[in-house]
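What follows is a single structure, written as structure tokens, with notes after it.
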Amino acid sequence: MSRYCLITGASSGLGRELAIQYAREGWQVIAVARSVNALNELHQEYSTIHAFPLDLTNTELFISAVNHLAEQIPALDLVILNAGSCDYVDANHLPLDIFERTMTLNFQAQVAAVKLLLPLLQKSEQGTVAIVSSLAHLFPFTKAQAYGASKAALSYFADSLRVDLTDSGIRVCLIEPGFVDTPLTQKNDFKMPFLLQVSDAAGRIRKGLDAQQQRIRFPKRLVFSLHLLNLLPYSLRCKVAAGMRQP
């Protein structure tokens, strides 16, 4: 019997690699992204990856697309909400358009995805929704006010969602990776500690999901480092963070 997995942000980076790895494992993968060409290329390479072009921030189109999907498949066994963006901001100006765009995609669209896809997950014997946040929200990084805030909101949402879905039969997994070598992070102009290759990161996520972990955090060295920083007295922690500022 076929297993169905839906992955957002599947046109590049971590989402693309996850789609490929799950397809190789025999899953039927619903690959969601805005880039039609990138999704079609994936389908041409792997027949079990099905292109599902969609702008997650357009709720009306999202509703229509999910209704169509429900007519095509019996259930969703796994949903990986991986779509997201990162724009750095100037704290002296705090561009509101960046905050709105970041929160809309990184948080609001993920909430909408959970709402709309829950009925298909409930039709599975063991449905899992995996929400990709970030370790970034664990420490106040320079220029990351919009990105970090959106990921902090997303992580809290996932943990709170798990509480209320405890008796529903649907598992909620929070995924908080560190730096992964993707087109998104390749734009960064600063040193990224413990940078992981995308195939490694995707493999860690699959392993964690297979083990039914509630939270997947990696790499451990970065997790440990951030926890140590957070053990510092608050005033000293603020000084350390300020010392990391980019010019």
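Identifiers in the structure tokens: chain A, B, ... in order shown; residue index from 1 per chain; ligand index from 1 in order shown.
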Shell of 10 Å around region 191-193 of chain A, only C-alpha atoms, local chain residues under 4 positions omitted, as a list in words: Gly178, Phe179, Val180, Asp181, Thr185, Gln186, Pro219, Arg221 and Leu222 of chain A
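Here the DSSP assignment of strand (DSSP E), based on backbone atoms, applies within region 78-239 of chain A to Leu78, Val79, Ile80, Leu81, Thr128, Val129, Ala130, Ile131, Val132, Arg171, Val172, Cys173, Leu174, Ile175, Glu176, Pro177, Arg215, Ile216, Arg217 and Phe218 of chain A.
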Given the selection you just returned, output its residues as a file containing C-alpha atoms, formatted as a PDB file, in the first residue's frame.
```
ATOM      1  CA  LEU A  78       3.388  12.518   6.604  1.00  0.00           C
ATOM      2  CA  VAL A  79       3.439  16.290   6.108  1.00  0.00           C
ATOM      3  CA  ILE A  80       6.757  18.154   6.317  1.00  0.00           C
ATOM      4  CA  LEU A  81       6.226  21.907   6.486  1.00  0.00           C
ATOM      5  CA  THR A 128       2.569  12.895  11.319  1.00  0.00           C
ATOM      6  CA  VAL A 129       2.989  16.620  10.819  1.00  0.00           C
ATOM      7  CA  ALA A 130       6.614  17.756  10.982  1.00  0.00           C
ATOM      8  CA  ILE A 131       7.218  21.492  11.326  1.00  0.00           C
ATOM      9  CA  VAL A 132      10.626  22.841  10.346  1.00  0.00           C
ATOM     10  CA  ARG A 171       1.954  13.022  15.880  1.00  0.00           C
ATOM     11  CA  VAL A 172       3.582  16.462  15.868  1.00  0.00           C
ATOM     12  CA  CYS A 173       7.329  16.703  15.344  1.00  0.00           C
ATOM     13  CA  LEU A 174       9.287  19.934  15.748  1.00  0.00           C
ATOM     14  CA  ILE A 175      12.419  20.095  13.601  1.00  0.00           C
ATOM     15  CA  GLU A 176      15.039  22.688  14.569  1.00  0.00           C
ATOM     16  CA  PRO A 177      18.155  22.444  12.389  1.00  0.00           C
ATOM     17  CA  ARG A 215      11.730  17.095  18.484  1.00  0.00           C
ATOM     18  CA  ILE A 216      14.689  16.825  16.120  1.00  0.00           C
ATOM     19  CA  ARG A 217      17.570  19.217  16.811  1.00  0.00           C
ATOM     20  CA  PHE A 218      20.960  19.129  15.122  1.00  0.00           C
TER      21      PHE A 218
END
```
What lies within 9 Å of region 59-67 of chain A using only C-alpha atoms, ignoring chain neighbours under 3 positions off, as an mmCIF file with all heavy atoms, in the first residue's frame?
```
data_model
loop_
_atom_site.group_PDB
_atom_site.id
_atom_site.type_symbol
_atom_site.label_atom_id
_atom_site.label_comp_id
_atom_site.auth_asym_id
_atom_site.auth_seq_id
_atom_site.Cartn_x
_atom_site.Cartn_y
_atom_site.Cartn_z
ATOM 1 N N PHE A 52 3.258 19.863 -7.279
ATOM 2 C CA PHE A 52 2.069 20.491 -6.717
ATOM 3 C C PHE A 52 2.366 21.974 -6.544
ATOM 4 O O PHE A 52 2.579 22.457 -5.428
ATOM 5 C CB PHE A 52 1.730 19.826 -5.378
ATOM 6 C CG PHE A 52 0.313 20.021 -4.910
ATOM 7 C CD1 PHE A 52 -0.736 19.386 -5.552
ATOM 8 C CD2 PHE A 52 0.044 20.825 -3.817
ATOM 9 C CE1 PHE A 52 -2.038 19.557 -5.111
ATOM 10 C CE2 PHE A 52 -1.254 21.005 -3.372
ATOM 11 C CZ PHE A 52 -2.302 20.363 -4.018
ATOM 12 N N LEU A 54 2.243 25.742 -5.842
ATOM 13 C CA LEU A 54 1.316 26.468 -4.986
ATOM 14 C C LEU A 54 2.049 27.546 -4.202
ATOM 15 O O LEU A 54 3.160 27.327 -3.721
ATOM 16 C CB LEU A 54 0.657 25.484 -4.004
ATOM 17 C CG LEU A 54 -0.332 26.054 -2.984
ATOM 18 C CD1 LEU A 54 -1.559 26.635 -3.675
ATOM 19 C CD2 LEU A 54 -0.742 24.967 -1.987
ATOM 20 N N ASP A 55 1.420 28.717 -4.082
ATOM 21 C CA ASP A 55 1.896 29.778 -3.210
ATOM 22 C C ASP A 55 1.165 29.617 -1.882
ATOM 23 O O ASP A 55 -0.038 29.870 -1.788
ATOM 24 C CB ASP A 55 1.601 31.148 -3.834
ATOM 25 C CG ASP A 55 2.091 32.305 -2.969
ATOM 26 O OD1 ASP A 55 2.528 32.062 -1.825
ATOM 27 O OD2 ASP A 55 2.019 33.455 -3.431
ATOM 28 N N LEU A 56 1.883 29.194 -0.859
ATOM 29 C CA LEU A 56 1.259 28.895 0.428
ATOM 30 C C LEU A 56 0.643 30.116 1.092
ATOM 31 O O LEU A 56 -0.209 29.982 1.967
ATOM 32 C CB LEU A 56 2.292 28.281 1.374
ATOM 33 C CG LEU A 56 2.907 26.943 0.965
ATOM 34 C CD1 LEU A 56 3.950 26.514 1.993
ATOM 35 C CD2 LEU A 56 1.837 25.876 0.822
ATOM 36 N N ALA A 70 -7.463 16.116 -2.041
ATOM 37 C CA ALA A 70 -8.273 15.153 -1.291
ATOM 38 C C ALA A 70 -9.052 14.211 -2.207
ATOM 39 O O ALA A 70 -9.423 13.107 -1.805
ATOM 40 C CB ALA A 70 -9.229 15.895 -0.360
ATOM 41 N N GLU A 71 -9.283 14.659 -3.437
ATOM 42 C CA GLU A 71 -9.978 13.809 -4.407
ATOM 43 C C GLU A 71 -9.026 12.829 -5.081
ATOM 44 O O GLU A 71 -9.476 11.865 -5.713
ATOM 45 C CB GLU A 71 -10.647 14.688 -5.469
ATOM 46 C CG GLU A 71 -11.724 15.620 -4.917
ATOM 47 C CD GLU A 71 -12.239 16.575 -5.974
ATOM 48 O OE1 GLU A 71 -11.655 16.578 -7.104
ATOM 49 O OE2 GLU A 71 -13.208 17.310 -5.691
ATOM 50 N N ALA A 109 1.509 30.989 7.123
ATOM 51 C CA ALA A 109 1.251 29.965 6.098
ATOM 52 C C ALA A 109 1.387 28.559 6.668
ATOM 53 O O ALA A 109 0.695 27.631 6.226
ATOM 54 C CB ALA A 109 2.220 30.158 4.926
ATOM 55 N N ALA A 112 -1.825 27.825 8.510
ATOM 56 C CA ALA A 112 -2.869 27.517 7.521
ATOM 57 C C ALA A 112 -2.688 26.118 6.962
ATOM 58 O O ALA A 112 -3.667 25.387 6.753
ATOM 59 C CB ALA A 112 -2.828 28.555 6.395
ATOM 60 N N ALA A 113 -1.436 25.723 6.719
ATOM 61 C CA ALA A 113 -1.165 24.392 6.179
ATOM 62 C C ALA A 113 -1.632 23.308 7.141
ATOM 63 O O ALA A 113 -2.236 22.305 6.734
ATOM 64 C CB ALA A 113 0.321 24.238 5.875
ATOM 65 N N LEU A 116 -5.487 23.138 7.067
ATOM 66 C CA LEU A 116 -6.075 22.608 5.841
ATOM 67 C C LEU A 116 -5.713 21.136 5.607
ATOM 68 O O LEU A 116 -6.486 20.407 4.966
ATOM 69 C CB LEU A 116 -5.633 23.450 4.646
ATOM 70 C CG LEU A 116 -6.115 24.902 4.664
ATOM 71 C CD1 LEU A 116 -5.532 25.675 3.486
ATOM 72 C CD2 LEU A 116 -7.636 24.968 4.634
ATOM 73 N N LEU A 117 -4.564 20.709 6.103
ATOM 74 C CA LEU A 117 -4.111 19.345 5.833
ATOM 75 C C LEU A 117 -4.473 18.355 6.938
ATOM 76 O O LEU A 117 -4.345 17.144 6.744
ATOM 77 C CB LEU A 117 -2.590 19.337 5.615
ATOM 78 C CG LEU A 117 -2.117 20.104 4.377
ATOM 79 C CD1 LEU A 117 -0.597 20.214 4.364
ATOM 80 C CD2 LEU A 117 -2.608 19.439 3.089
#
```
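In terms of minimum interatomic distance to Pro140 (chain A), A:Tyr234 ranks closest within A:Tyr46, A:Tyr234, A:Tyr4, A:Tyr22, counting only C-alpha atoms.
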Length of the CA of Gly208 (chain A) to CA of Pro119 (chain A) vector [Å]: 24.0 Å
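Comparing A:Lys143, A:His43, A:Lys239, A:Arg245 by their smallest distance to Ile30 (chain A), the closest is A:His43 (using only C-alpha atoms).
Nearest to Ala38 (chain A) of all the residues A:Ser150, A:Gln214, A:Ser11, A:Gln145 is A:Ser11, based on only C-alpha atoms.
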Alpha helix (DSSP H) positions in region 88-210 of chain A, given as a ChimeraX atom specification: /A:96-103,109-122,145-164,198-210
Length of the CA of Gly84 (chain A) to CA of Arg3 (chain A) vector [Å]: 25.1 Å
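The residue that comes closest to Leu229 (chain A), out of A:Cys5, A:Leu138, A:Thr102, A:Gln212 and on the basis of only C-alpha atoms, is A:Leu138.
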Residue neighbourhood region 31-35 of chain A, 9 Å, only C-alpha atoms, exclusion window fewer than 2 positions, as number ranges by chain: A: 5-12, 15-16, 19, 29, 37-40, 42-43, 49-56, 83
Atoms to include: C-alpha atoms. Write the selected residues as a short mmCIF file (atom, residue, chain, number, x, y, z; two decimals), in the first residue's frame.
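Now in selection.cif:
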```
data_model
loop_
_atom_site.label_atom_id
_atom_site.label_comp_id
_atom_site.auth_asym_id
_atom_site.auth_seq_id
_atom_site.Cartn_x
_atom_site.Cartn_y
_atom_site.Cartn_z
CA CYS A 5 4.13 12.39 2.02
CA LEU A 6 3.60 16.11 1.35
CA ILE A 7 6.63 18.40 1.55
CA THR A 8 6.51 22.18 1.23
CA GLY A 9 9.44 24.22 -0.01
CA ALA A 10 10.36 21.23 -2.17
CA SER A 11 11.85 23.08 -5.14
CA SER A 12 15.31 23.52 -3.62
CA GLY A 15 12.83 20.33 0.93
CA ARG A 16 14.10 19.08 -2.41
CA ALA A 19 11.52 14.77 -1.46
CA VAL A 29 5.72 12.45 -2.57
CA ASN A 37 9.87 24.28 -13.51
CA ALA A 38 11.83 23.01 -10.52
CA LEU A 39 8.98 20.72 -9.50
CA ASN A 40 8.57 19.38 -13.02
CA LEU A 42 11.89 16.60 -9.93
CA HIS A 43 8.97 14.67 -11.39
CA ILE A 49 7.42 12.82 -6.91
CA HIS A 50 4.30 14.69 -7.96
CA ALA A 51 4.51 18.40 -8.72
CA PHE A 52 2.07 20.49 -6.72
CA PRO A 53 2.80 24.15 -7.57
CA LEU A 54 1.32 26.47 -4.99
CA ASP A 55 1.90 29.78 -3.21
CA LEU A 56 1.26 28.90 0.43
CA ALA A 83 8.86 26.31 3.33
#
```
Near Val198 (chain A), counting only C-alpha atoms, which residues have an atom at most 7 Å away, once you skip same-chain residues fewer than 3 positions from it, shown as a CSV table (one decimal) with all heavy atoms, in the first residue's frame?
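Result file is result_23.csv:
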```
chain,number,residue,atom,x,y,z
A,13,GLY,N,17.0,23.1,-2.0
A,13,GLY,CA,17.5,23.0,-0.6
A,13,GLY,C,17.0,21.7,0.1
A,13,GLY,O,17.0,20.6,-0.4
A,14,LEU,N,16.7,21.9,1.4
A,14,LEU,CA,16.4,20.8,2.3
A,14,LEU,C,15.1,20.1,1.8
A,14,LEU,O,15.0,18.9,1.9
A,14,LEU,CB,16.2,21.3,3.7
A,14,LEU,CG,16.0,20.3,4.8
A,14,LEU,CD1,17.1,19.3,4.8
A,14,LEU,CD2,15.9,21.0,6.2
A,17,GLU,N,15.8,17.9,-1.2
A,17,GLU,CA,16.5,16.7,-0.8
A,17,GLU,C,15.6,15.7,0.0
A,17,GLU,O,15.7,14.5,-0.2
A,17,GLU,CB,17.7,17.1,0.1
A,17,GLU,CG,18.6,15.9,0.5
A,17,GLU,CD,19.3,15.1,-0.6
A,17,GLU,OE1,19.5,15.8,-1.7
A,17,GLU,OE2,19.6,14.0,-0.4
A,180,VAL,N,22.4,24.7,7.4
A,180,VAL,CA,22.5,23.7,6.3
A,180,VAL,C,22.8,24.4,5.0
A,180,VAL,O,22.3,25.5,4.7
A,180,VAL,CB,21.1,23.0,6.2
A,180,VAL,CG1,21.2,21.9,5.1
A,180,VAL,CG2,20.7,22.4,7.5
A,181,ASP,N,23.7,23.8,4.2
A,181,ASP,CA,24.2,24.4,3.0
A,181,ASP,C,23.1,24.3,1.9
A,181,ASP,O,23.0,23.3,1.2
A,181,ASP,CB,25.5,23.7,2.5
A,181,ASP,CG,26.1,24.4,1.3
A,181,ASP,OD1,25.7,25.5,1.1
A,181,ASP,OD2,27.0,23.8,0.7
A,182,THR,N,22.3,25.4,1.8
A,182,THR,CA,21.2,25.5,0.9
A,182,THR,C,21.3,26.8,0.1
A,182,THR,O,22.1,27.7,0.6
A,182,THR,CB,19.9,25.4,1.6
A,182,THR,OG1,19.7,26.6,2.4
A,182,THR,CG2,19.8,24.1,2.4
A,201,ALA,N,21.7,16.6,6.5
A,201,ALA,CA,20.6,17.2,7.3
A,201,ALA,C,19.3,16.4,7.0
A,201,ALA,O,18.5,16.1,7.9
A,201,ALA,CB,20.4,18.7,6.9
A,202,ALA,N,19.0,16.2,5.7
A,202,ALA,CA,17.8,15.4,5.4
A,202,ALA,C,17.8,14.0,5.9
A,202,ALA,O,16.7,13.5,6.4
A,202,ALA,CB,17.6,15.4,3.8
```
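Note that the spacing between CA of Ser168 (chain A) and CA of Ala152 (chain A) amounts to 24.8 Å.
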Closest of A:Glu41, A:Leu161, A:Leu76, A:Ile205 to Gly127 (chain A) - atom-to-atom distances counting only C-alpha atoms: A:Leu76
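Using only C-alpha atoms, the smallest distance between any of A:Thr48, A:Asn82, A:Asn106, A:Asn230 and Gln21 (chain A) comes from A:Thr48.
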